[in-house]
Amino acid sequence: MSDSPIFPIFRFGGKKEGPALLISAGVHGDEYLPMLAVQNLIRHFENNPDEADSINGTLTLIPVVNGSAFALGNRCGEDDKDLARTCPGADDGTITEQVAAALSREIEAVDFYVDVHTGGTELSVFPLAGYVLHSDEKILEQQRNLARAFQLPFCWGTSGKLEGRSLSVARDANVPAIYIEYYGSHREASEATVGIGMDHPLVHGCLNVMRHLNLLPEEESTRISPEFVEDTRHDSGHMQICHPAPATGFYRARVKLGQRVGIGALLARITSPGSLESIEVLANRAGKVIVLRDYPRINKDDAIAVIAERYSGP
Ligand SMILES: [Zn+2]
């Protein structure tokens with residue numbers, strides 16, 4: 001292992017031929033289960049040096065990319081910039097811009113990339129592997145295969161046009177990449193505080209990707225066939241703009257994560273502190289609820305829910 005000044009970084013393998021895989025967690029400072037999952041992988045390979053040496057290729061693990069945001073326990077760092085909107089960053093910029101530049105270099109140096117997230121403090125996300133609809137059909141197919149290999153129940157392909165993200169850097173460098181989402185603060189409170197093991201879906205998923213890429217030998221196991229939804233609209237995949245709250249107030253969800261809804265379904269009610277009247281928020285598309293706010297207070301224009309809908313129009 002070595003410590004770069006900007007984030008901790010751990011490297012394993014490199015003694016045998018094979019691809020270079022990067023797995024990162026903590027791009028957002030309030031997403032703890034992925035950080036613990038990556039820590040588990042680091043502990044596992046440090047405790048099993050023979051297995052680490054047998055890796056075909058190299059594995060690079062970053063448990064907490066965004067130390068500034070982690071120190072605050074927030075999505076964003078002390079400069080209030082969202083790292084997932086700041087890539088590729090700048091070495092002479094603010095702290096988040098510097099982290100973005102360092103992360104971008106790590107992404108550009110590998111053959112495959114997995115970035116692990118949760119919904120953080122205020123959102124919960126159905127367990128999914130996401131990827132951008134890359135203009136290169138070969139890379140797109142590699143990304144679909146990576147997403148399937150992680151073995152979460154849902155795979156979501158969205159616009160290749162979003163900028164500033166770790167996956168935008170991977171896209172521009174032609175590095176096949178996926179991001180992972182796995183619930184949010186409630187789940188983190190119940191699982192992360194107890195501690196997670198090697199059988200946790202996030203740890204397992206990373207190992208599954210290593211096996212898929214032949215960094216580790218294949219293992220006989222039961223496979224699930226995830227549901228795939230792809231959406232070609234230009235802003236698909238931008239979770240923070242979907243179903244914006246019409247007012248600041250108390251928030252009550254009226255659907256469940258993973259539920260299928262039709263257009264016009266009641267998603268949530270918002271009640272302002274000074275009134276007993278509630279405003280209804282209705283679904284503006286039909287599909288599966290894959291992101292849902294699970295925090296009792298909401299600001300006007302904050303996202304309430306994301307509904308994944310198949311779309312392949314122009
Ligand atoms: Zn995140």
# chains A, B, ... in the order shown; residues from 1 in each chain; ligands from 1

call {"tool": "residues_near_ligand", "arguments": {"ligand": "ligand 1", "cutoff": "7 Å", "atoms": "only C-alpha atoms and all ligand atoms", "output": "VMD selection string"}}
result
chain A and resid 27 to 28 31 117 to 120

call {"tool": "residues_around", "arguments": {"residues": "Phe112 of chain A", "least_positions_apart": "6", "cutoff": "6 Å", "atoms": "only C-alpha atoms", "output": "list in words"}}
result
Leu21, Val175, Pro176 and Ala177 of chain A

call {"tool": "residues_around", "arguments": {"residues": "Phe228 of chain A", "least_positions_apart": "5", "cutoff": "10 Å", "atoms": "only C-alpha atoms", "output": "VMD selection string"}}
result
chain A and resid 128 to 130 144 147 to 148 153 to 157 308 310

call {"tool": "write_last_selection", "arguments": {"atoms": "N, CA, C and O atoms", "output": "mmCIF file, in the first residue's frame"}}
result
data_model
loop_
_atom_site.group_PDB
_atom_site.id
_atom_site.type_symbol
_atom_site.label_atom_id
_atom_site.label_comp_id
_atom_site.auth_asym_id
_atom_site.auth_seq_id
_atom_site.Cartn_x
_atom_site.Cartn_y
_atom_site.Cartn_z
ATOM 1 N N LEU A 128 -28.663 -1.048 -7.242
ATOM 2 C CA LEU A 128 -28.520 -1.062 -8.699
ATOM 3 C C LEU A 128 -27.070 -0.842 -9.119
ATOM 4 O O LEU A 128 -26.261 -0.284 -8.382
ATOM 5 N N ALA A 129 -26.801 -1.314 -10.332
ATOM 6 C CA ALA A 129 -25.545 -1.007 -11.006
ATOM 7 C C ALA A 129 -25.890 -0.127 -12.202
ATOM 8 O O ALA A 129 -26.716 -0.505 -13.034
ATOM 9 N N GLY A 130 -25.287 1.052 -12.269
ATOM 10 C CA GLY A 130 -25.593 1.987 -13.347
ATOM 11 C C GLY A 130 -24.405 2.174 -14.272
ATOM 12 O O GLY A 130 -23.259 1.935 -13.886
ATOM 13 N N ARG A 144 -22.479 -3.115 -19.659
ATOM 14 C CA ARG A 144 -23.659 -3.927 -19.318
ATOM 15 C C ARG A 144 -23.213 -5.215 -18.609
ATOM 16 O O ARG A 144 -23.830 -5.649 -17.637
ATOM 17 N N ALA A 147 -22.130 -4.481 -15.076
ATOM 18 C CA ALA A 147 -23.309 -4.205 -14.249
ATOM 19 C C ALA A 147 -23.993 -5.509 -13.862
ATOM 20 O O ALA A 147 -24.352 -5.726 -12.695
ATOM 21 N N ARG A 148 -24.151 -6.407 -14.834
ATOM 22 C CA ARG A 148 -24.780 -7.707 -14.560
ATOM 23 C C ARG A 148 -23.921 -8.499 -13.568
ATOM 24 O O ARG A 148 -24.429 -9.121 -12.637
ATOM 25 N N PRO A 153 -30.068 -6.410 -8.029
ATOM 26 C CA PRO A 153 -31.274 -6.771 -8.785
ATOM 27 C C PRO A 153 -31.619 -5.856 -9.967
ATOM 28 O O PRO A 153 -32.441 -6.220 -10.789
ATOM 29 N N PHE A 154 -30.981 -4.673 -10.068
ATOM 30 C CA PHE A 154 -31.394 -3.727 -11.097
ATOM 31 C C PHE A 154 -30.176 -3.131 -11.792
ATOM 32 O O PHE A 154 -29.168 -2.828 -11.143
ATOM 33 N N CYS A 155 -30.267 -2.967 -13.117
ATOM 34 C CA CYS A 155 -29.203 -2.327 -13.890
ATOM 35 C C CYS A 155 -29.828 -1.201 -14.697
ATOM 36 O O CYS A 155 -30.887 -1.377 -15.311
ATOM 37 N N TRP A 156 -29.157 -0.059 -14.689
ATOM 38 C CA TRP A 156 -29.763 1.165 -15.232
ATOM 39 C C TRP A 156 -28.775 1.870 -16.147
ATOM 40 O O TRP A 156 -27.750 2.380 -15.692
ATOM 41 N N GLY A 157 -29.089 1.891 -17.422
ATOM 42 C CA GLY A 157 -28.247 2.595 -18.391
ATOM 43 C C GLY A 157 -28.849 3.951 -18.699
ATOM 44 O O GLY A 157 -30.023 4.051 -19.050
ATOM 45 N N ALA A 308 -37.521 4.876 -12.851
ATOM 46 C CA ALA A 308 -36.785 4.357 -14.007
ATOM 47 C C ALA A 308 -37.793 3.913 -15.066
ATOM 48 O O ALA A 308 -38.678 3.104 -14.796
ATOM 49 N N ARG A 310 -38.158 2.823 -19.257
ATOM 50 C CA ARG A 310 -37.498 2.479 -20.506
ATOM 51 C C ARG A 310 -37.755 3.567 -21.536
ATOM 52 O O ARG A 310 -38.900 3.997 -21.690
#

call {"tool": "atom_distance", "arguments": {"atom1": "atom CA of Ser190 of chain A", "atom2": "atom CA of Ala37 of chain A"}}
result
14.7 Å

call {"tool": "atom_distance", "arguments": {"atom1": "atom CA of Glu219 of chain A", "atom2": "atom CA of Val203 of chain A"}}
result
15.1 Å
